[in-house]
Every structure is written in structure tokens, then in C-alpha cells.
Amino acid sequence: MCGDLRPLQEGEQVVLMGWVNRRRDHGSLIFLDLRDRSGITQVVLDKELSPEAHAKAESARPEYVVACTGTVRLRDASLINPKMDTGAIEIVASEILLLNDAKTPPFSPAEDAIGNEEVRLKYRYLDLRRVEMQKNFRIRHEVARAIRNYLSDNGFLEIETPFMTRSTPEGARDYLVPSRVHAGHFYALPQSPQIFKQILMVSGFDKYFQIARCFRDEDLRADRQPEFTQIDLEMTFPQQGLIFKTVEGFLKAAFKAAGIELEPPFVQMTYDDAIRKYGIDKPDMRLPAMVELTETLTPELREKLRIEPALPVLGFIIPSVGALSGTERKKLLSEVRAGFGDCGLDLLDTERLKTSPDFAPLAGTIAELLAVGAEDLSVVVTPKLGTPPMWNYDPQWIYKRVGQLRLDLAKKYADKHGLFTQTGTAADYKFLWVTDFPMYEWDEEKKVWNAAHHPFTSPHEEDIKTGKLVNDKGAVRALAYDIVLNGTELGSGSIRIHRKDVQAEIFRSLGMSDEEAKERFGFFLDALEYGTPPHGGIALGLDRIVMILAGASSLREVIAFPKTAKAIDLMVDAPTPVSDIQLRDLHLKVNTRT
RNA sequence: GGGGACGUAGCUCAGUUGGUUAGAGCGCUGCCCUGUCACGGCAGAGGUCGCGGGUUCGAGCCCCGUCGUCCCCGCCA
């Protein structure tokens with residue numbers, strides 16, 4: 001292959017096949033860089049040595065496919081190209097075959113930096129020829145293979161579940177598949193194999209996994225595609241810790257395959273702590289946590305500063321930002337205030353902290369609590385009295401809003417603190433387990449409690465016993481957990497409900513009548529009655545893992561044929577209208593008025 | 001559904017206050033070149049300024065609408 005030859009092969013007769021990466025024509029001497037997925041080798045065509053081959057090479061152009069016969073030759077010391085793996089040798093061609101020509105491509109796969117996303121996606125086959133993309137898909141393959149091997153070696157059985165299944169109105173919108181045989185009936189593509197894998201536990205496959213495609217018809221983001229791949233697993237008789245250990249095991253194997261040595265176990269943190277310290281349920285642990293300063297400020301000072309007593313005073317630092325100019329600080333402050341909806345929040349940076357007569361006496365203490373270094377930007381947020389409706393005296397609102405500010409500033413000054421820069425070591429990857437998620441989520445619009453994870457999640461035993469399920473839904477903790485990497489949610493899972501009575505109670509608590517539950521999940525409730533073992537599991541986004549490992553900022557970089565933000569495939573041009581005949585077969589009428 | 005950025009040559013982009021024939025780099029085509037590796041030199045081709053409408057003597061530039069790509073919020077059990 002084009003990337004394989006080394007000085008050791010000197011003198012050998014070889015045949016190389018690949019694409020013309022670049023052609024350098026010196027008249028009676030032509031250099032062709034031949035590329036395949038293994039790398040690039042320089043081929044020399046000398047008019048004196050092989051006039052026929054040289055003549056053919058004159059008409060070769062970038063992306064032509066050629067086969068070239070020749071001899072491996074060591075380059076003179078002065079001609080070695082240290083930038084190329086094969087830079088110490090070259091092929092002296094005796095014969096060359098132009099296997100196929102190529103139109104001039106809209107962009108060159110030989111270039112590193114490519115801009116226009118639209119052109120890349122339309123000519124995806126050219127984009128995928130680029131070294132960067134080839135690298136990403138090699139990582140993806142190695143990671144998937146390592147995970148499959150690890151789970152197989154640890155007693156997990158890979159079992160496929162249907163793509164055409166039953167629509168479940170909970171959660172994300174379903175992609176629907178109309179049935180030809182049953183007029184007006186639809187299959188749905190799975191949002192996840194959730195119910196099937198639980199039924200596999202009932203069936204006695206005590207350790208299941210699947211690298212499974214999932215489909216969700218929701219608006220997209222850089223880290224969300226309508227179809228994506230999950231590493232889905234489930235096991236019987238698990239403690240939460242056993243699932244963590246399993247995931248840590250396969251992630252260690254996966255990262256090792258990508259050249260990174262992780263050291264599990266990963267840090268664990270409850271949901272409540274995550275909100276309090278980071279203001280978000282998926283903390284980016286590469287950055288320092290927020291610190292609650294409420295008690296540091298004396299009651300007198302808080303009163304003087306008109307700080308709302310029901311709300312926390314929070315501080316945090318962004319490291320190594322350096323000195324801010326007066327204008328920059330002013331601009332920052334006004335931006336931040338605007339971002340807080342002008343609701344009376346005050347914000348102090350390091351400079352104001354030291355110079356403000358109110359805070360100066362405390363500056364030392366605060367600096368110590370926040371561990372402020374000389375070049376760090378420190379921020380203290382003091383919620384003022386006078387309550388605009390948006391925060392509604394809710395401390396969570398403050399935690400989350402300040403957490404968002406922490407992330408925004410960290411992003412803004414990423415170049416300065418460099419904490420997001422990859423160094424190629426395990427230190428780049430800060431994993432975290434977030435545990436004890438709330439069981440329920442209040443839907444303010446519909447005025448109902450929803451399942452925060454999904455309705456098959458088991459609540460904490462003691463929260464059932466203390467009656468919170470009925471009296472205090474907001475305080476019920478679920479045996480649900482997320483795994484987070486560098487502020488990205490990689491996956492989530494839970495210990496499931498394995499008893500029919502508990503499951504029925506949860507359905508009821510979600511405002512679902514017994515009849516309704518039976519209609520939607522009757523088959524599942526039935527299954528629970530036939531000796532269901534305790535079970536639990538988790539699902540991790542393979543695409544996101546690979547994205548982070550590849551240092552990419554969008555899933556499109558690690559999915560071969562991704563869709564745009566409007567869920568369009570620009571290469572095959574999907575979706576499209578279909579013929580009236582197709583529609584008739586499916587008993588469908590399209591109403592284009594909306 | 002909402003907010004923001006962008007859209008000018010194949011690609012990346014510049015284009016002043018609205019004013020003559022819309023430019024650059026890369027790429028492309030032709031010619032020259034025996035040591036290049038982002039080769040070099042000379043010459044040349046290449047434009048529905050996303051699309052539609054409006055204002056104006058005159059629009060790449062101003063206004064309205066629309067389409068597309070990207071990012072964010074909502075949404076994603």
C-alpha cells in the first residue's frame with residue numbers, strides 16, 4: 001500500500017495503486033504523489049528511463065486512479081522529506097496505467113482545511129478521501145471493535161432488536177413507517193431498544209448488548225443527528241456499581257484502542273451536587289467548580305448589598321485569562337447582565353473585588369476559597385433583592401444560570417486557559433458519573449409530572465417507603481445515572497422496575513390510567529408478571545465518544561453520511577416526495593398545506 | 001417555533017458613501033522547466049454577486065420577502 005514502503009524495501013519491484021494526490025511536472029521529470037488510505041508515496045517518472053510511462057503521467061491529473069510499477073529507491077540525504085512517513089524512499093516508475101480519470105473535484109481531498117459544509121456533504125465521497133476523515137473512521141472502527149470484544153469477553157451477548165416496532169408517544173417524536181398491509185397503521189423506528197432489552201432480561205439473556213442504531217425526530221445540534229448509534233447494554237441482578245464497572249471497562253478498552261490509557265474508576269457525583277457546584281447536570285470537569293460564598297458574606301454586608309436572602313451568592317474562576325482592559329471588563333459586565341435578563345444580578349470580577357469598598361475586606365478570603373491565581377478571572381454573582389418573575393426565588397435558577405455563565409466565559413477565553421486543548425493524553429478526558437437523578441420533572445406548560453429518565457426507572461427504595469411518590473414527587477430520587485465526558489452527556493441508564501405493582505404505581509403517578517397503561521404497555525406489564533429478575537443497564541452514544549476522541553466538534557465528522565441541521569442528506573437528496581402509486585399502496589394522502 | 005452568523009469565480013475570501021469594465025489567492029487550461037514534495041515561470045479561461053420583488057437616473061452594497069448552510073434556545077422520556 002501507498003503508506004507502507006520504507007528504506008528496508010530498497011530495490012524491490014512493487015506495484016502501487018491509488019489516487020493522484022498531487023502532480024509536480026518538471027518537464028522531463030514528473031513527480032506523482034500516490035495516495036490510498038494507508039498514506040502517500042512519491043513516484044518519479046523519468047523521461048530518459050521510461051519515456052512511455054512519463055508520457056502517460058503527463059496527462060495524469062489530481063484524483064486520477066493509477067497503477068504504477070516500479071522499483072523502491074532510497075532518496076539521497078538531501079532529498080529526504082521528513083514530513084512524510086515514506087519520505088526516505090520513492091518509486092522509480094517503469095510503467096504506469098491510468099485506471100480511471102477524474103473530473104476536476106470541487107475541492108481537493110489533498111487539502112487539510114475545508115470550509116463549505118454544503119459542498120463537503122454533497123460530495124461526501126471526496127470529503128471522506130481526506131486524511132482527517134480517514135483517520136476519524138479508523139478510530140470509530142477501532143473503538144467499536146474494542147467495545148464489542150470487551151463486552152463479548154465479559155459474557156455479554158449481542159442480540160439485534162427490531163427497527164420496525166411500535167410507536168411510543170413518550171419521549172422524542174418517532175420516525176414512522178406506514179404499513180401497506182394494515183391501512184392507517186404505522187411502525188415506528190426505535191428511539192432506543194429500551195423495552196426489547198428489558199424483555200430480553202425477562203427472557204433470561206442475563207447480559208445483553210448491542211451496537212444499535214436509534215432514531216429520533218427532533219431538531220438537530222452539532223452533537224445530535226436524527227439517526228445515531230448507541231452502545232446499549234442491560235444485565236440482570238446488577239448493583240449500580242456493577243454497571244459502572246462494566247462501562248469503565250469497555251471505555252478503558254475503547255480508549256486504549258485509540259491510544260489513550262484511562263484510569264478508572266471515574267469520579268461520581270450526585271445530581272444535586274452537580275447542580276450546586278456546576279449549575280448543570282453534565283459538568284465539564286476540566287474547569288474549576290463554582291463555590292458558594294453566601295456564608296462568607298456577613299449578614300450585614302448582604303443586607304447592605306441588598307442581596308436576596310433566599311438565593312445563593314456564587315463565585316467561580318476562569319484560569320489564565322490575564323488582565324482585562326477597562327473597556328473589555330465593562331463590555332463583559334454589560335454582556336453578562338444582558339444575558340441575565342437584567343434581573344438585578346450583580347457581577348464582580350477580580351478587579352472590582354479588590355477595589356470595591358464593600359468587598360475589599362473579603363477579597364482575600366474569597367480569593368482563597370476560589371483558589372484565584374494571579375492571571376485568573378474571578379467572577380462573583382450576587383442576586384439582588386427585588387424579584388423578577390423569571391427566577392421565582394428558585395435557587396436552582398441561579399445555580400444553572402451562573403453555571404451557564406461559567407461555560408460561556410470558559411468558551412470565550414478557551415484560547416487563553418487552554419483547558420480544552422487536546423494534549424493526546426488521558427488528562428484530556430475528564431469522566432464523571434452523575435447519580436441520583438430526580439425521578440420526575442415538572443412540565444410547566446402541561447402542568448404534569450413527567451418521567452425525567454423514562455417510566456421504567458426504579459425510584460430509590462426509601463423514597464417509595466417514605467411516601468414521596470405521592471406527596472413530594474419533586475424530591476423522589478431515581479436509580480438513574482449519566483456518564484459525562486468533558487461536559488458532554490455520553491450516556492445514561494438506570495436500574496429498572498422489575499415488579500408489576502411498582503410499575504403500575506409509577507404509571508399512575510405519571511397521570512396514566514390503568515387502561516391507558518395497559519393499552520400502551522400491556523405486553524410489557526404482562527411480561528413483568530412472569531418472573532422478571534431485577535435488571536438495569538445503560539446506553540452510550542458511540543458517535544459522541546468517537547467525536548471527542550477525534551477532537552471533532554460535530555458528529556458529522558464521525559458519521560460517514562450525516563444529515564444537515566434540517567435533517568437533509570445533501571448527497572442522496574433525501575427526503576423526497578414519493579409517487580402517487582407508492583402513496584396509494586400505503587393508504588396515504590399528503591396534505592401539503594400546513 | 002424563536003434568536004444569531006454566513007451566502008460574490010470550482011474553493012477560500014476582498015469589494016469604501018449606492019456610481020465607469022466586480023477583484024485577489026488557490027484551483028483549472030495551454031506552454032516552458034531533471035529533484036520537486038503546498039515545485040517554479042509565462043500566458044489564459046472562468047461571475048444569474050443564492051433567488052424574487054422594491055427604492056433609485058443607477059443596487060453586489062439600501063428595503064421587503066424567500067431559500068440554503070452553520071451555531072444556540074425551545075425540543076431531545
# chains A, B, ... in the order shown; residues from 1 in each chain; ligands from 1
>>> interface_residues(of="chain B", to="chain A", cutoff="12 Å", atoms="only C-alpha atoms (C1' of nucleotides)", output="number ranges by chain")
B: 1, 6-7, 10-13, 26-29, 31-41, 68-77
>>> select_by_dssp(residues="segment 225-416 of chain A", states="strand (DSSP E)", output="number ranges by chain")
A: 227-236, 267-270, 291-292, 314-318, 345-349, 377-383
>>> write_last_selection(atoms="N, CA and C atoms", output="JSON list (two decimals), in the first residue's frame")
[["chain", "number", "residue", "atom", "x", "y", "z"],
["A", 227, "GLU", "N", -30.40, 10.05, 13.19],
["A", 227, "GLU", "CA", -30.07, 8.66, 13.48],
["A", 227, "GLU", "C", -28.67, 8.60, 14.03],
["A", 228, "PHE", "N", -28.49, 7.81, 15.05],
["A", 228, "PHE", "CA", -27.21, 7.76, 15.74],
["A", 228, "PHE", "C", -27.04, 6.37, 16.32],
["A", 229, "THR", "N", -25.85, 6.10, 16.82],
["A", 229, "THR", "CA", -25.53, 4.74, 17.24],
["A", 229, "THR", "C", -25.27, 4.70, 18.73],
["A", 230, "GLN", "N", -25.96, 3.77, 19.41],
["A", 230, "GLN", "CA", -25.75, 3.61, 20.84],
["A", 230, "GLN", "C", -25.10, 2.28, 21.15],
["A", 231, "ILE", "N", -24.24, 2.32, 22.17],
["A", 231, "ILE", "CA", -23.77, 1.08, 22.75],
["A", 231, "ILE", "C", -24.75, 0.79, 23.88],
["A", 232, "ASP", "N", -25.61, -0.15, 23.62],
["A", 232, "ASP", "CA", -26.75, -0.40, 24.50],
["A", 232, "ASP", "C", -26.49, -1.67, 25.28],
["A", 233, "LEU", "N", -26.64, -1.65, 26.60],
["A", 233, "LEU", "CA", -26.46, -2.90, 27.34],
["A", 233, "LEU", "C", -27.41, -2.99, 28.52],
["A", 234, "GLU", "N", -27.63, -4.22, 28.94],
["A", 234, "GLU", "CA", -28.56, -4.47, 30.04],
["A", 234, "GLU", "C", -28.10, -5.75, 30.74],
["A", 235, "MET", "N", -28.27, -5.81, 32.05],
["A", 235, "MET", "CA", -27.88, -7.02, 32.76],
["A", 235, "MET", "C", -28.82, -7.29, 33.94],
["A", 236, "THR", "N", -28.88, -8.55, 34.34],
["A", 236, "THR", "CA", -29.76, -8.90, 35.46],
["A", 236, "THR", "C", -28.97, -8.85, 36.76],
["A", 267, "VAL", "N", -14.84, 9.54, 38.65],
["A", 267, "VAL", "CA", -15.43, 10.31, 39.75],
["A", 267, "VAL", "C", -16.96, 10.16, 39.72],
["A", 268, "GLN", "N", -17.57, 10.13, 40.91],
["A", 268, "GLN", "CA", -19.03, 10.09, 40.98],
["A", 268, "GLN", "C", -19.54, 11.31, 41.73],
["A", 269, "MET", "N", -20.73, 11.74, 41.35],
["A", 269, "MET", "CA", -21.30, 12.94, 41.96],
["A", 269, "MET", "C", -22.82, 12.84, 41.85],
["A", 270, "THR", "N", -23.53, 13.25, 42.89],
["A", 270, "THR", "CA", -24.99, 13.22, 42.77],
["A", 270, "THR", "C", -25.46, 14.37, 41.89],
["A", 291, "VAL", "N", -18.19, 28.01, 43.59],
["A", 291, "VAL", "CA", -18.11, 27.93, 45.05],
["A", 291, "VAL", "C", -19.21, 28.80, 45.64],
["A", 292, "GLU", "N", -19.91, 28.26, 46.62],
["A", 292, "GLU", "CA", -20.98, 29.02, 47.26],
["A", 292, "GLU", "C", -20.38, 29.95, 48.31],
["A", 314, "LEU", "N", -22.71, 33.09, 44.38],
["A", 314, "LEU", "CA", -21.81, 32.10, 43.78],
["A", 314, "LEU", "C", -20.59, 32.76, 43.16],
["A", 315, "GLY", "N", -19.47, 32.06, 43.27],
["A", 315, "GLY", "CA", -18.26, 32.55, 42.64],
["A", 315, "GLY", "C", -17.58, 31.44, 41.86],
["A", 316, "PHE", "N", -16.81, 31.83, 40.86],
["A", 316, "PHE", "CA", -16.00, 30.84, 40.14],
["A", 316, "PHE", "C", -14.87, 31.56, 39.45],
["A", 317, "ILE", "N", -13.91, 30.80, 38.98],
["A", 317, "ILE", "CA", -12.81, 31.43, 38.25],
["A", 317, "ILE", "C", -12.68, 30.81, 36.86],
["A", 318, "ILE", "N", -12.18, 31.62, 35.96],
["A", 318, "ILE", "CA", -11.73, 31.12, 34.66],
["A", 318, "ILE", "C", -10.22, 31.33, 34.66],
["A", 345, "LEU", "N", -29.00, 41.06, 39.00],
["A", 345, "LEU", "CA", -27.81, 40.35, 39.42],
["A", 345, "LEU", "C", -26.62, 41.29, 39.34],
["A", 346, "ASP", "N", -25.75, 41.17, 40.30],
["A", 346, "ASP", "CA", -24.52, 41.94, 40.24],
["A", 346, "ASP", "C", -23.39, 40.97, 39.95],
["A", 347, "LEU", "N", -22.34, 41.49, 39.32],
["A", 347, "LEU", "CA", -21.24, 40.62, 38.95],
["A", 347, "LEU", "C", -19.94, 41.33, 39.27],
["A", 348, "LEU", "N", -19.05, 40.63, 39.96],
["A", 348, "LEU", "CA", -17.78, 41.23, 40.33],
["A", 348, "LEU", "C", -16.65, 40.46, 39.68],
["A", 349, "ASP", "N", -15.75, 41.15, 39.05],
["A", 349, "ASP", "CA", -14.56, 40.45, 38.57],
["A", 349, "ASP", "C", -13.43, 40.72, 39.55],
["A", 377, "LEU", "N", -9.35, 35.01, 35.97],
["A", 377, "LEU", "CA", -10.51, 35.88, 36.05],
["A", 377, "LEU", "C", -11.45, 35.28, 37.09],
["A", 378, "SER", "N", -11.78, 36.07, 38.11],
["A", 378, "SER", "CA", -12.74, 35.54, 39.08],
["A", 378, "SER", "C", -14.04, 36.29, 38.95],
["A", 379, "VAL", "N", -15.12, 35.57, 39.17],
["A", 379, "VAL", "CA", -16.45, 36.15, 38.98],
["A", 379, "VAL", "C", -17.29, 35.81, 40.20],
["A", 380, "VAL", "N", -17.91, 36.82, 40.77],
["A", 380, "VAL", "CA", -18.83, 36.59, 41.89],
["A", 380, "VAL", "C", -20.19, 37.14, 41.47],
["A", 381, "VAL", "N", -21.20, 36.34, 41.64],
["A", 381, "VAL", "CA", -22.54, 36.75, 41.25],
["A", 381, "VAL", "C", -23.40, 36.89, 42.49],
["A", 382, "THR", "N", -23.95, 38.10, 42.69],
["A", 382, "THR", "CA", -24.76, 38.38, 43.88],
["A", 382, "THR", "C", -26.18, 38.74, 43.45],
["A", 383, "PRO", "N", -27.12, 37.83, 43.63],
["A", 383, "PRO", "CA", -28.50, 38.11, 43.22],
["A", 383, "PRO", "C", -29.13, 39.17, 44.10]]
>>> residues_around(residues="Val43 of chain A", least_positions_apart="3", cutoff="10 Å", atoms="only C-alpha atoms (C1' of nucleotides)", output="ChimeraX atom specification")
/A:16,20,23,30-34,40,46,68-73,89-93
>>> closest_residue(among="B:G2, B:G60, B:G65, B:G18", to="G47 of chain B", atoms="only C-alpha atoms (C1' of nucleotides)")
B:G60
>>> closest_residue(among="A:Val65, A:Leu370, A:Val484, A:Ala426", to="Ile280 of chain A", atoms="only C-alpha atoms")
A:Val484
>>> residues_around(residues="Ile211 of chain A", least_positions_apart="4", cutoff="12 Å", atoms="only C-alpha atoms (C1' of nucleotides)", output="PyMOL selection string")
chain A and resi 141+143-149+151+157-161+192-193+228-233+539-543
